[in-house]
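A short write-up of the structure that comes next.
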Amino acid sequence: MIANLVQLAAEEKENPLVPPGPELLIGAIAFAIVFFFFWKKLLPTINKVLEERRTAIEGGIEEAEAMKVEAQSVLEQYKAQLAEARHEAARLRQEAQEQGAALIAEMRAEGQRQREEIVTAGHSQIEADRKAAASALRQDVGSLATELAGKLVGESLEDHARQSRVIDRFLDELEEKAEAAR
Amino acid sequence: MSDNGCGFPAPGLHSFMFEPLFTVGGFEFNKVMLLALITSVVVIGFFSAAFGKAKVVPGKLQMVGEAGYDFVRRGIVYETIGKREGEKYVPLMVSLFFFIWIMNIWSVIPLAQFPVSSIIAYPAVLAGVVYVTWMVLTFKRHGFAGGFKNITGYDKSLGAVLPLVVVIEFFSNVFVRPFTHAVRLFANMFAGHLLLVMFTVASWYLLNSWLVVGAGVSFAMTVVMIMFELFVQAVQAYVFVLLACSYVQGALSESH
């Protein structure tokens with residue numbers, strides 16, 4: 001049977017491993033068409049587009065990078081401003097505190113001064129009153145004593161007493177004794 | 001055609017012979033030639049539709065086209081030859097890959113149902129193109145003596161066996177290589193087609209015989225084989241282009 005098959009194969013007019021001429025030609029033409037179309041037209045087109053896409057993507061990345069940098073700088077600027085504002089606020093608060101303290105101290109000093117003024121005025125008034133009262137009293141006591149003595153003696157000693165200043169002297173002595181006792 | 005008595009129309013070489021569709025001045029134009037030309041139309045048609053109005057933001061079709069293009073460009077050419085040297089050969093390899101793939105796919109397309117590449121002429125043309133390409137490159141790159149050394153794997157450190165290696169390498173690279181390159185694709189498609197025809201014809205034949213169950217099995221096998229063939233078709237296109245790239249790379253490299 002194998003011999004039969006071999007014989008059959010040999011009898012076949014065409015050997016499958018021997019390429020027929022017309023088919024070679026058609027194959028070459030068909031492939032040549034495809035090759036030239038790809039080579040000259042399609043691949044340059046798509047390569048251009050791929051290149052464009054690549055640059056577009058790279059451009060996009062660059063743009064994003066630039067935006068990031070800008071955002072960073074804006075953020076830093078904002079942060080700096082915020083810090084500055086905080087600093088300023090703290091400074092103002094401090095200043096206000098200081099001013100307030102100074103104001104209170106000033107007012108306290110003013111109050112003190114006024115109080116002292118009033119007290120001093122009161123003291124001098126009292127002193128003046130006391131002096132006036134003392135001199136009035138002295139005069140009254142003098143005249144009363146003279147009058148009394150005059151009644152006892154029976155004549156008026158008024159003028160004489162005045163002239164001799166006895167009463168004054170007596171009163172001074174009295175005062176001195178009181179001073180010493182104190 | 002042989003007939004072993006039961007009337008089963010077994011597939012054979014006659015399955016690869018076609019009567020001419022028409023004849024122009026002695027030139028017999030058959031179905032396979034028509035399919036080969038339609039292959040060109042399909043490949044160019046698809047990629048024109050995909051890349052014709054290519055946009056930076058791709059549509060669906062362009063995306064598919066780009067994926068295929070990128071597969072060959074990055075996946076095969078850049079991987080073997082490298083990006084710098086390989087860029088020049090991208091158009092050749094891309095057209096080779098898609099041309100071969102579509103030629104193979106006709107095997108399972110209704111009405112066509114014949115892989116163009118199972119006729120040796122078509123793989124032979126393509127292998128020839130690759131052969132000429134890398135041969136020319138070898139001598140252009142290394143000069144006559146250098147090119148010869150490159151092809152024969154000339155290496156002084158081999159010593160006494162050097163003449164033997166030179167002879168074997170020369171024979172292997174210059175004569176066997178283009179032959180195996182073409183026949184690998186051809187034989188795969190040839191065998192695949194035989195299997196498909198076998199099971200398809202058998203399921204029809206057994207349906208009309210007493211072994212009806214066999215028809216079911218045969219049909220199931222046909223479906224399985226179609227899926228397997230779809231895989232083989234892509235793989236063979238890939239292998240053909242990969243080998244082409246490695247030949248070009250070998251021609252460009254300094255020492256073989």
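Residues are named by chain letter and number: chains run A, B, ... in the order of the structure tokens, numbers start at 1 in each chain, and ligands are numbered from 1 in the order shown.
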Output as an MDAnalysis selection string the set of chain A residues within 9 Å of chain B, with distances taken over only C-alpha atoms. chainID A and resid 8:9 12 14:43 45:46 49:54 56
Contacts of region 142-145 of chain B at 9 Å (only C-alpha atoms; same-chain gap of 3+ positions) as JSON, numbers by chain: {"B": [137, 138, 139, 148, 149, 150, 251, 252, 254]}
Skipping near chain neighbours, those fewer than 5 positions away, what residues fall within 9 Å of Ser15 (chain B) using only C-alpha atoms, listed as a PyMOL selection string? chain B and resi 193-194+197
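Residue nearest Trp134 (chain B), chosen from B:Ala244, B:Met225, B:Val77, B:Leu207 and counting only C-alpha atoms: B:Ala244.
Using only C-alpha atoms, the nearest neighbour of Gly214 (chain B) within the list B:Val201, B:Ala127, B:Leu162, B:Met103 is B:Val201.
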Neighbour list for Phe219 (chain B) as a list of chain:residue names, cut-off 8 Å, only C-alpha atoms, skip fewer than 3 positions in-chain: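 In the requested form, the answer reads B:Phe199, B:Thr200, B:Ser203, B:Ala215, B:Gly216, B:Thr222, B:Val223.
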Where in region 2-210 of chain B does DSSP assign strand (DSSP E), given as number ranges by chain? B: 22-24, 27-29
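Between CA of Leu230 (chain B) and CA of Asn188 (chain B) the interatomic distance comes to 11.9 Å.
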Among the residues of region 114-199 of chain B, find those DSSP assigns to alpha helix (DSSP H) from the backbone and print them as a ChimeraX atom specification. /B:121-152,162-170,177-199
If you measure from CA of Gly250 (chain B) to CA of Thr80 (chain B), what distance in Å do you get, rounded to one decimal?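 Between CA of Gly250 (chain B) and CA of Thr80 (chain B) the gap works out to 9.7 Å.
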